$ cat structure.txt   # compact mmCIF, C-alpha atoms and all ligand atoms
# COMPACT_ATOMS: atom_id res chain seq x y z
CA MET J 9 0.00 0.00 0.00
CA ARG J 10 1.25 3.49 -0.86
CA VAL J 11 2.35 5.82 1.95
CA ARG J 12 0.59 9.18 1.57
CA THR J 13 0.16 10.32 5.16
CA ALA J 14 2.64 11.63 7.71
CA VAL J 15 2.01 12.13 11.41
CA ILE J 16 4.02 14.89 13.05
CA PRO J 17 3.63 15.06 16.84
CA VAL J 18 3.94 18.66 18.02
CA ALA J 19 2.17 18.70 21.37
CA GLY J 20 5.30 19.21 23.52
CA LEU J 21 5.57 22.29 25.72
CA GLY J 22 9.08 23.13 24.55
CA THR J 23 10.33 23.78 28.06
CA ARG J 24 13.96 23.67 26.89
CA PHE J 25 13.29 26.89 25.02
CA LEU J 26 11.64 28.85 27.81
CA PRO J 27 11.08 31.74 28.05
CA ALA J 28 10.78 31.97 24.22
CA THR J 29 8.18 29.19 24.15
CA LYS J 30 5.98 30.91 26.72
CA SER J 31 4.07 32.41 23.80
CA VAL J 32 5.62 30.90 20.63
CA PRO J 33 5.33 27.19 19.77
CA LYS J 34 8.80 25.69 19.67
CA GLU J 35 8.10 24.40 16.15
CA MET J 36 7.93 28.05 15.01
CA LEU J 37 11.41 28.96 16.24
CA PRO J 38 13.46 29.81 13.17
CA VAL J 39 16.29 27.88 11.61
CA LEU J 40 17.84 30.79 9.72
CA ASP J 41 14.73 32.29 8.12
CA ARG J 42 12.16 29.50 8.19
CA PRO J 43 10.43 27.86 11.13
CA CYS J 44 11.77 24.51 12.24
CA VAL J 45 8.58 22.68 11.35
CA ASP J 46 8.76 23.97 7.77
CA TYR J 47 11.88 21.86 7.18
CA ILE J 48 10.06 18.77 8.41
CA VAL J 49 6.97 19.37 6.29
CA ARG J 50 9.12 20.08 3.22
CA GLU J 51 10.96 16.81 3.70
CA ALA J 52 7.61 15.00 3.79
CA ALA J 53 6.25 16.89 0.75
CA ASP J 54 9.46 16.20 -1.20
CA ALA J 55 8.90 12.51 -0.46
CA GLY J 56 5.43 12.57 -2.00
CA ILE J 57 3.44 12.80 1.24
CA GLU J 58 0.04 14.37 0.54
CA ARG J 59 -1.46 14.88 3.98
CA ILE J 60 0.09 15.86 7.25
CA ILE J 61 -1.55 15.12 10.56
CA PHE J 62 -0.26 17.37 13.31
CA VAL J 63 -0.90 16.01 16.78
CA THR J 64 -1.10 19.31 18.59
CA ALA J 65 -2.01 20.82 21.92
CA ARG J 66 -3.19 24.13 23.31
CA GLY J 67 -0.96 27.04 22.27
CA LYS J 68 0.03 25.69 18.84
CA ASP J 69 -2.34 27.81 16.73
CA ALA J 70 0.47 29.98 15.34
CA MET J 71 1.97 26.84 13.86
CA VAL J 72 -1.29 25.74 12.26
CA ASP J 73 -1.81 29.28 10.89
CA TYR J 74 1.58 29.06 9.21
CA PHE J 75 0.27 26.37 6.87
CA ASP J 76 -2.99 28.20 6.21
CA SER J 77 -3.47 30.95 3.62
CA SER J 78 -3.22 34.52 4.89
CA PRO J 79 -5.47 36.65 2.62
CA ALA J 80 -4.61 40.10 4.09
CA LEU J 81 -0.86 39.49 3.97
CA GLU J 82 -1.04 38.01 0.48
CA ALA J 83 -3.08 40.98 -0.79
CA HIS J 84 -0.58 43.40 0.76
CA LEU J 85 2.40 41.70 -0.88
CA LYS J 86 0.61 41.59 -4.24
CA GLU J 87 -0.28 45.27 -4.05
CA HIS J 88 3.37 46.16 -3.36
CA GLU J 89 4.57 43.77 -6.06
CA LYS J 90 6.69 41.78 -3.64
CA PHE J 91 6.23 38.61 -5.63
CA ASP J 92 9.26 36.74 -4.26
CA LEU J 93 7.97 37.17 -0.71
CA LEU J 94 4.46 36.27 -1.81
CA GLU J 95 5.79 33.02 -3.25
CA LYS J 96 7.49 32.20 0.05
CA VAL J 97 4.32 32.94 2.00
CA VAL J 98 1.97 30.82 -0.11
CA GLU J 99 4.34 27.92 -0.67
CA ALA J 100 4.24 26.62 2.91
CA GLY J 101 0.72 25.28 2.85
CA ARG J 102 0.33 24.64 -0.84
CA ARG J 103 1.97 21.29 -1.16
CA VAL J 104 0.18 19.27 1.50
CA ASP J 105 -3.19 19.05 3.23
CA VAL J 106 -2.88 19.77 6.90
CA ILE J 107 -5.13 18.14 9.48
CA THR J 108 -4.80 18.68 13.21
CA ILE J 109 -5.93 16.68 16.17
CA ARG J 110 -5.25 17.48 19.81
CA GLN J 111 -3.49 15.19 22.24
CA ARG J 112 -5.37 16.01 25.40
CA LYS J 113 -2.95 14.37 27.82
CA ALA J 114 0.84 14.29 27.66
CA LEU J 115 1.22 10.51 27.92
CA GLY J 116 4.22 10.11 25.62
CA LEU J 117 5.21 9.72 21.96
CA GLY J 118 3.37 6.39 21.59
CA HIS J 119 0.19 7.98 22.90
CA ALA J 120 0.61 10.95 20.53
CA ILE J 121 0.77 8.57 17.56
CA LEU J 122 -2.25 6.65 18.82
CA THR J 123 -4.16 9.95 18.93
CA ALA J 124 -3.89 10.13 15.12
CA LYS J 125 -5.51 6.71 14.63
CA PRO J 126 -9.05 7.93 13.75
CA ILE J 127 -7.61 10.07 10.93
CA VAL J 128 -4.93 7.72 9.59
CA GLY J 129 -7.33 4.79 9.37
CA ASP J 130 -6.12 1.52 7.97
CA GLU J 131 -3.11 2.59 5.93
CA PRO J 132 0.65 2.72 6.49
CA PHE J 133 2.05 6.12 7.42
CA ALA J 134 5.23 8.04 8.06
CA ILE J 135 6.17 9.64 11.38
CA LEU J 136 8.52 12.62 11.53
CA LEU J 137 9.69 14.12 14.81
CA GLY J 138 10.17 17.86 14.76
CA ASP J 139 13.33 17.92 16.85
CA ASP J 140 15.37 16.12 14.19
CA ILE J 141 16.17 18.07 11.05
CA VAL J 142 18.00 16.01 8.46
CA PHE J 143 19.85 17.86 5.72
CA ALA J 144 20.16 15.42 2.84
CA GLU J 145 20.27 15.33 -0.92
CA LYS J 146 17.30 12.99 -1.06
CA PRO J 147 14.59 13.29 1.62
CA VAL J 148 15.34 10.58 4.18
CA ILE J 149 11.68 9.79 4.73
CA GLY J 150 11.33 9.27 0.97
CA GLU J 151 14.18 6.75 0.95
CA MET J 152 12.49 4.97 3.86
CA ILE J 153 9.13 4.92 2.11
CA LYS J 154 10.82 3.16 -0.83
CA VAL J 155 12.10 0.45 1.54
CA PHE J 156 8.66 0.13 3.12
CA GLU J 157 6.89 -0.14 -0.21
CA LYS J 158 9.24 -2.93 -1.25
CA GLN J 159 9.01 -4.97 1.93
CA GLN J 160 5.83 -3.80 3.70
CA GLU J 161 7.69 -3.82 7.02
CA ALA J 162 8.24 -1.01 9.50
CA VAL J 163 11.30 1.12 8.74
CA VAL J 164 13.13 3.11 11.41
CA ALA J 165 15.93 5.62 10.72
CA ILE J 166 19.07 4.81 12.71
CA MET J 167 22.55 6.21 13.16
CA GLU J 168 25.60 5.29 15.18
CA VAL J 169 25.79 7.31 18.39
CA PRO J 170 28.59 7.56 20.98
CA ASN J 171 28.30 4.79 23.59
CA GLU J 172 27.85 7.33 26.35
CA HIS J 173 24.79 8.80 24.59
CA THR J 174 22.58 5.70 24.44
CA GLN J 175 20.35 7.22 27.13
CA ARG J 176 19.26 9.91 24.67
CA TYR J 177 17.82 7.55 22.05
CA GLY J 178 15.74 4.52 21.35
CA ILE J 179 18.38 1.88 20.60
CA CYS J 180 18.10 -0.82 17.91
CA ALA J 181 20.07 -4.05 17.79
CA GLY J 182 19.96 -6.75 15.14
CA LYS J 183 21.68 -8.17 12.09
CA TRP J 184 22.88 -6.17 9.10
CA GLU J 185 21.30 -7.44 5.88
CA ASN J 186 23.28 -5.06 3.72
CA LYS J 187 25.26 -1.83 4.15
CA GLN J 188 22.16 0.21 4.92
CA GLU J 189 19.56 -2.13 6.36
CA MET J 190 19.49 -3.86 9.73
CA ARG J 191 17.02 -6.63 10.54
CA VAL J 192 16.06 -5.32 13.96
CA LYS J 193 15.65 -7.89 16.72
CA GLN J 194 15.52 -5.67 19.77
CA MET J 195 14.52 -2.10 20.55
CA VAL J 196 15.01 -0.40 23.91
CA GLU J 197 14.08 3.16 24.84
CA LYS J 198 17.00 5.18 26.22
CA PRO J 199 19.00 2.40 27.92
CA HIS J 200 22.00 3.07 30.17
CA PRO J 201 25.25 2.52 28.19
CA LYS J 202 26.03 -0.50 30.38
CA VAL J 203 22.92 -2.37 29.25
CA ALA J 204 22.43 -0.90 25.76
CA PRO J 205 22.27 -3.75 23.21
CA SER J 206 24.09 -1.63 20.60
CA ASN J 207 24.97 1.97 19.84
CA PHE J 208 22.57 2.47 16.94
CA GLY J 209 20.11 5.16 17.95
CA ILE J 210 16.75 5.96 16.41
CA VAL J 211 16.48 9.31 14.68
CA GLY J 212 12.98 10.78 14.43
CA ARG J 213 11.86 9.18 11.16
CA TYR J 214 9.67 6.08 10.92
CA VAL J 215 7.40 4.39 8.37
CA VAL J 216 4.95 2.05 10.01
CA PRO J 217 2.02 -0.20 9.08
CA ALA J 218 -1.42 0.56 10.58
CA GLU J 219 -0.84 -2.54 12.72
CA ILE J 220 1.19 -0.26 15.03
CA PHE J 221 -2.02 1.16 16.50
CA ALA J 222 -3.15 -2.17 17.95
CA LEU J 223 0.33 -2.66 19.40
CA LEU J 224 0.32 0.83 20.92
CA GLU J 225 -3.04 0.09 22.52
CA ASP J 226 -1.40 -2.89 24.23
CA THR J 227 1.76 -1.02 25.24
CA PRO J 228 1.99 -0.28 28.96
CA PRO J 229 3.76 2.87 30.17
CA GLY J 230 7.52 2.41 29.85
CA LYS J 231 10.52 4.72 30.23
CA GLY J 232 9.56 7.84 32.19
CA GLY J 233 6.06 6.43 32.79
CA GLU J 234 5.16 7.26 29.17
CA ILE J 235 3.72 5.12 26.38
CA GLN J 236 6.73 4.65 24.15
CA LEU J 237 6.66 4.16 20.40
CA THR J 238 9.92 2.23 20.75
CA ASP J 239 8.20 -0.37 22.97
CA ALA J 240 5.41 -0.94 20.44
CA LEU J 241 7.99 -1.24 17.66
CA HIS J 242 9.92 -3.73 19.77
CA MET J 243 6.89 -6.02 19.59
CA LEU J 244 7.00 -5.76 15.79
CA ALA J 245 10.75 -6.41 15.85
CA ARG J 246 10.13 -9.60 17.80
CA MET J 247 7.97 -10.69 14.85
CA ASN J 248 10.90 -9.88 12.52
CA LYS J 249 9.02 -6.99 10.94
CA VAL J 250 11.29 -3.98 11.55
CA VAL J 251 14.08 -2.70 9.32
CA GLY J 252 16.66 -0.26 10.69
CA PHE J 253 17.66 2.16 7.93
CA LYS J 254 21.08 3.78 8.13
CA PHE J 255 20.35 7.00 6.30
CA GLU J 256 22.62 9.34 4.40
CA GLY J 257 22.54 12.95 5.50
CA LYS J 258 23.36 15.35 8.27
CA ARG J 259 21.04 15.14 11.25
CA VAL J 260 20.87 18.05 13.66
CA ASP J 261 19.03 17.80 16.97
CA THR J 262 17.11 21.06 17.17
CA GLY J 263 15.56 20.15 20.51
CA ASN J 264 17.91 22.47 22.38
CA ALA J 265 19.20 26.02 21.87
CA LEU J 266 22.69 25.09 20.66
CA GLY J 267 21.29 22.50 18.26
CA LEU J 268 18.96 25.13 16.82
CA LEU J 269 21.91 27.47 16.37
CA HIS J 270 23.87 24.65 14.73
CA ALA J 271 21.06 24.09 12.21
CA SER J 272 20.97 27.81 11.38
CA MET J 273 24.73 27.84 10.91
CA TYR J 274 24.58 24.74 8.73
CA GLN J 275 21.97 26.42 6.53
CA ALA J 276 23.85 29.73 6.31
CA PHE J 277 27.02 27.86 5.33
CA HIS J 278 25.25 25.93 2.59
CA ARG J 279 23.17 28.77 1.17
CA PRO J 280 24.97 30.49 -1.72
CA ASP J 281 23.25 33.81 -0.93
CA MET J 282 24.57 33.78 2.64
CA ARG J 283 27.78 31.80 2.74
CA ASP J 284 30.31 34.62 2.26
CA ALA J 285 28.64 36.97 4.73
CA PHE J 286 28.32 34.12 7.21
CA LEU J 287 32.02 33.22 6.97
CA GLU J 288 32.88 36.89 7.46
CA LEU J 289 30.68 37.00 10.55
CA LEU J 290 32.39 33.91 11.96
CA LYS J 291 35.74 35.70 12.02
CA GLU J 292 34.43 37.67 14.97
CA PHE J 293 34.43 34.48 16.98
CA GLN J 294 37.89 33.24 16.16
CA LEU J 295 39.92 32.79 19.32
CA PRO J 296 42.71 35.32 19.70
CA PRO J 297 46.17 33.69 19.47
CA THR J 298 47.47 32.51 22.83
CA PRO J 299 49.56 35.35 24.27
CA VAL J 300 53.30 34.60 24.20
CA LYS J 301 54.89 34.85 27.63
CA GLN J 302 57.41 37.68 27.77
CA LYS J 303 60.88 36.87 29.02
CA SER J 304 61.85 38.98 32.04
CA ALA J 305 64.82 40.36 30.02
CA ASP J 306 62.33 41.89 27.56
CA LYS J 307 60.71 44.05 30.17
C1 LIG D 401 12.21 10.20 20.80
C2 LIG D 401 12.11 8.67 20.80
C3 LIG D 401 13.51 8.05 20.78
C4 LIG D 401 14.28 8.59 19.59
C5 LIG D 401 14.32 10.12 19.62
C6 LIG D 401 14.96 10.66 18.35
O1 LIG D 401 12.77 10.60 22.02
O2 LIG D 401 11.39 8.25 21.94
O3 LIG D 401 13.40 6.66 20.70
O4 LIG D 401 15.60 8.07 19.59
O5 LIG D 401 13.00 10.67 19.72
O6 LIG D 401 15.05 12.05 18.38
P1 LIG D 401 12.76 12.14 22.52
O7 LIG D 401 14.00 12.75 21.95
O8 LIG D 401 11.51 12.76 21.97
O9 LIG D 401 12.78 12.08 24.00
$ encode --input "structure.txt" --output "structure tokens" --more "lines below"
Ligand code: G1P
Amino acid sequence: MRVRTAVIPVAGLGTRFLPATKSVPKEMLPVLDRPCVDYIVREAADAGIERIIFVTARGKDAMVDYFDSSPALEAHLKEHEKFDLLEKVVEAGRRVDVITIRQRKALGLGHAILTAKPIVGDEPFAILLGDDIVFAEKPVIGEMIKVFEKQQEAVVAIMEVPNEHTQRYGICAGKWENKQEMRVKQMVEKPHPKVAPSNFGIVGRYVVPAEIFALLEDTPPGKGGEIQLTDALHMLARMNKVVGFKFEGKRVDTGNALGLLHASMYQAFHRPDMRDAFLELLKEFQLPPTPVKQKSADK
């Protein structure tokens, strides 16, 4: 079955970005000149996704408005013949249909996905987590959809992480079938390095069959007392139905302030219209040379 839907959970409070997120959804914080969530939606649209389901919460209306049309603004830009800006403004919501549903309780990522069940229905779907931006030549979720469509098995994006960081990720262990695909046997949410079954961490991209909903309904609270997507996927892995996909691209964790800055810098460096000015700006931050100690005779 073709994958045409993506679920993007965006209900988090964004406490790591307080006080900014007191009144602005964290998904709207900019990476250079576009909101974070725009990168995620573009990746999905580039992969052929036609409808996006945002699992939202109170306080996220600014984000939903971003993907809506804005008649007054559009009329103003037209009147002033600012057609390049007009194009940027209308492009955001043009490529995909956006549907929202609210997660009324913060019971974890697994619960957020389950919230989308009445809209997704009985078809496979992609999941993209907003905190992971992946800069890649080909959209990672698109590459994963290709694997899914070939094998009709869940596909999870993975990357090697330092051993001491296993507690930050869902960890996958299994057997490599080729250079890029692991037959996943075990999945554990954020294990201590001492008990982690490998150092391949899950990055926030998944393609899953609708079967995941029934598994999520049977998943008890796990790590942190939350219903974990990793735990439901582990049940699928036990049935030999999960592929770990080692993607190509640069992943940046925009879930914290420095990560967000990193993503902006990465963009500025790779954008031809900004690169030179950005490199010039960086000179300001070059460390001064270590002062040479003066010999007493020089005094
Ligand atoms: C979530 C998942 C985790 C995954 C991570 C990737 O955790 O639960 O398995 O490795 O996203 O970003 P979070 O970072 O939301 O706590």
$ closest_atom_pairs --input "structure.txt" --of "chain J" --to "ligand LIG 401 (chain D)" --cutoff "7 Å" --atoms "all atoms listed in the file" --output "Markdown table"
| residue | atom | partner | partner_atom | distance |
| --- | --- | --- | --- | --- |
| J:Leu117 | CA | D:LIG401 | O2 | 6.4 |
| J:Leu137 | CA | D:LIG401 | O6 | 6.8 |
| J:Asp139 | CA | D:LIG401 | O6 | 6.3 |
| J:Asp140 | CA | D:LIG401 | O6 | 5.9 |
| J:Arg176 | CA | D:LIG401 | O4 | 6.5 |
| J:Tyr177 | CA | D:LIG401 | O4 | 3.4 |
| J:Gly178 | CA | D:LIG401 | O3 | 3.2 |
| J:Ile179 | CA | D:LIG401 | O4 | 6.9 |
| J:Glu197 | CA | D:LIG401 | O3 | 5.5 |
| J:Lys198 | CA | D:LIG401 | O3 | 6.8 |
| J:Gly209 | CA | D:LIG401 | O4 | 5.6 |
| J:Ile210 | CA | D:LIG401 | O4 | 4.0 |
| J:Val211 | CA | D:LIG401 | C6 | 4.2 |
| J:Gly212 | CA | D:LIG401 | C6 | 4.4 |
| J:Gln236 | CA | D:LIG401 | O2 | 6.3 |
| J:Leu237 | CA | D:LIG401 | O2 | 6.4 |
| J:Thr238 | CA | D:LIG401 | O3 | 5.6 |
$ atom_distance --input "structure.txt" --atom1 "atom CA of J:Met9" --atom2 "atom CA of J:Glu58"
14.4 Å
$ closest_residue --input "structure.txt" --among "J:Gln111, J:Gln188, J:Thr64, J:Gln159" --to "J:Lys254" --atoms "all atoms listed in the file"
J:Gln188
$ atom_distance --input "structure.txt" --atom1 "atom CA of J:Pro33" --atom2 "atom CA of J:Phe286"
27.1 Å
$ closest_residue --input "structure.txt" --among "J:Gly101, J:Gly182, J:Pro280, J:Gly230" --to "J:Asp76" --atoms "all atoms listed in the file"
J:Gly101
$ residues_around --input "structure.txt" --residues "J:Met243" --least-positions-apart "3" --cutoff "12 Å" --atoms "all atoms listed in the file" --output "PyMOL selection string"
chain J and resi 162+192-196+219-224+226-227+236-240+246-250
$ closest_residue --input "structure.txt" --among "J:Phe143, J:Arg12, J:Thr123, J:Gly129" --to "J:Gly257" --atoms "all atoms listed in the file"
J:Phe143
$ atom_distance --input "structure.txt" --atom1 "atom CA of J:Ala271" --atom2 "atom CA of J:Gly22"
17.2 Å
$ closest_residue --input "structure.txt" --among "J:Leu81, J:Val148, J:Leu21, J:Ile121" --to "J:Ala55" --atoms "only C-alpha atoms"
J:Val148
$ residues_near_point --input "structure.txt" --point "(10.3, 13.0, 7.1)" --cutoff "10 Å" --atoms "only C-alpha atoms" --output "NGL selection string"
:J and (14-16 or 47-55 or 57 or 134-138 or 140-142 or 147-153 or 165 or 212-215)
$ closest_residue --input "structure.txt" --among "J:Lys231, J:Arg10, J:Arg110, J:Lys202" --to "J:Ile127" --atoms "only C-alpha atoms"
J:Arg110
$ closest_residue --input "structure.txt" --among "J:Leu295, J:Cys44, J:Val32, J:Ala19" --to "J:Asp261" --atoms "only C-alpha atoms"
J:Cys44
$ residues_near_point --input "structure.txt" --point "(25.4, 5.7, 23.4)" --cutoff "9 Å" --atoms "only C-alpha atoms" --output "CSV table (one decimal) with C-alpha atoms, in the frame of the given file"
chain,number,residue,atom,x,y,z
J,168,GLU,CA,25.6,5.3,15.2
J,169,VAL,CA,25.8,7.3,18.4
J,170,PRO,CA,28.6,7.6,21.0
J,171,ASN,CA,28.3,4.8,23.6
J,172,GLU,CA,27.8,7.3,26.4
J,173,HIS,CA,24.8,8.8,24.6
J,174,THR,CA,22.6,5.7,24.4
J,175,GLN,CA,20.4,7.2,27.1
J,176,ARG,CA,19.3,9.9,24.7
J,177,TYR,CA,17.8,7.6,22.0
J,179,ILE,CA,18.4,1.9,20.6
J,198,LYS,CA,17.0,5.2,26.2
J,199,PRO,CA,19.0,2.4,27.9
J,200,HIS,CA,22.0,3.1,30.2
J,201,PRO,CA,25.2,2.5,28.2
J,204,ALA,CA,22.4,-0.9,25.8
J,206,SER,CA,24.1,-1.6,20.6
J,207,ASN,CA,25.0,2.0,19.8
J,208,PHE,CA,22.6,2.5,16.9
J,209,GLY,CA,20.1,5.2,18.0
$ residues_around --input "structure.txt" --residues "J:Leu290" --least-positions-apart "4" --cutoff "12 Å" --atoms "all atoms listed in the file" --output "ChimeraX atom specification"
/J:273,276-277,283-286,294-295
$ write_last_selection --input "structure.txt" --atoms "C-alpha atoms" --output "short mmCIF file (atom, residue, chain, number, x, y, z; two decimals), in the frame of the given file"
data_model
loop_
_atom_site.label_atom_id
_atom_site.label_comp_id
_atom_site.auth_asym_id
_atom_site.auth_seq_id
_atom_site.Cartn_x
_atom_site.Cartn_y
_atom_site.Cartn_z
CA MET J 273 24.73 27.84 10.91
CA ALA J 276 23.85 29.73 6.31
CA PHE J 277 27.02 27.86 5.33
CA ARG J 283 27.78 31.80 2.74
CA ASP J 284 30.31 34.62 2.26
CA ALA J 285 28.64 36.97 4.73
CA PHE J 286 28.32 34.12 7.21
CA GLN J 294 37.89 33.24 16.16
CA LEU J 295 39.92 32.79 19.32
#
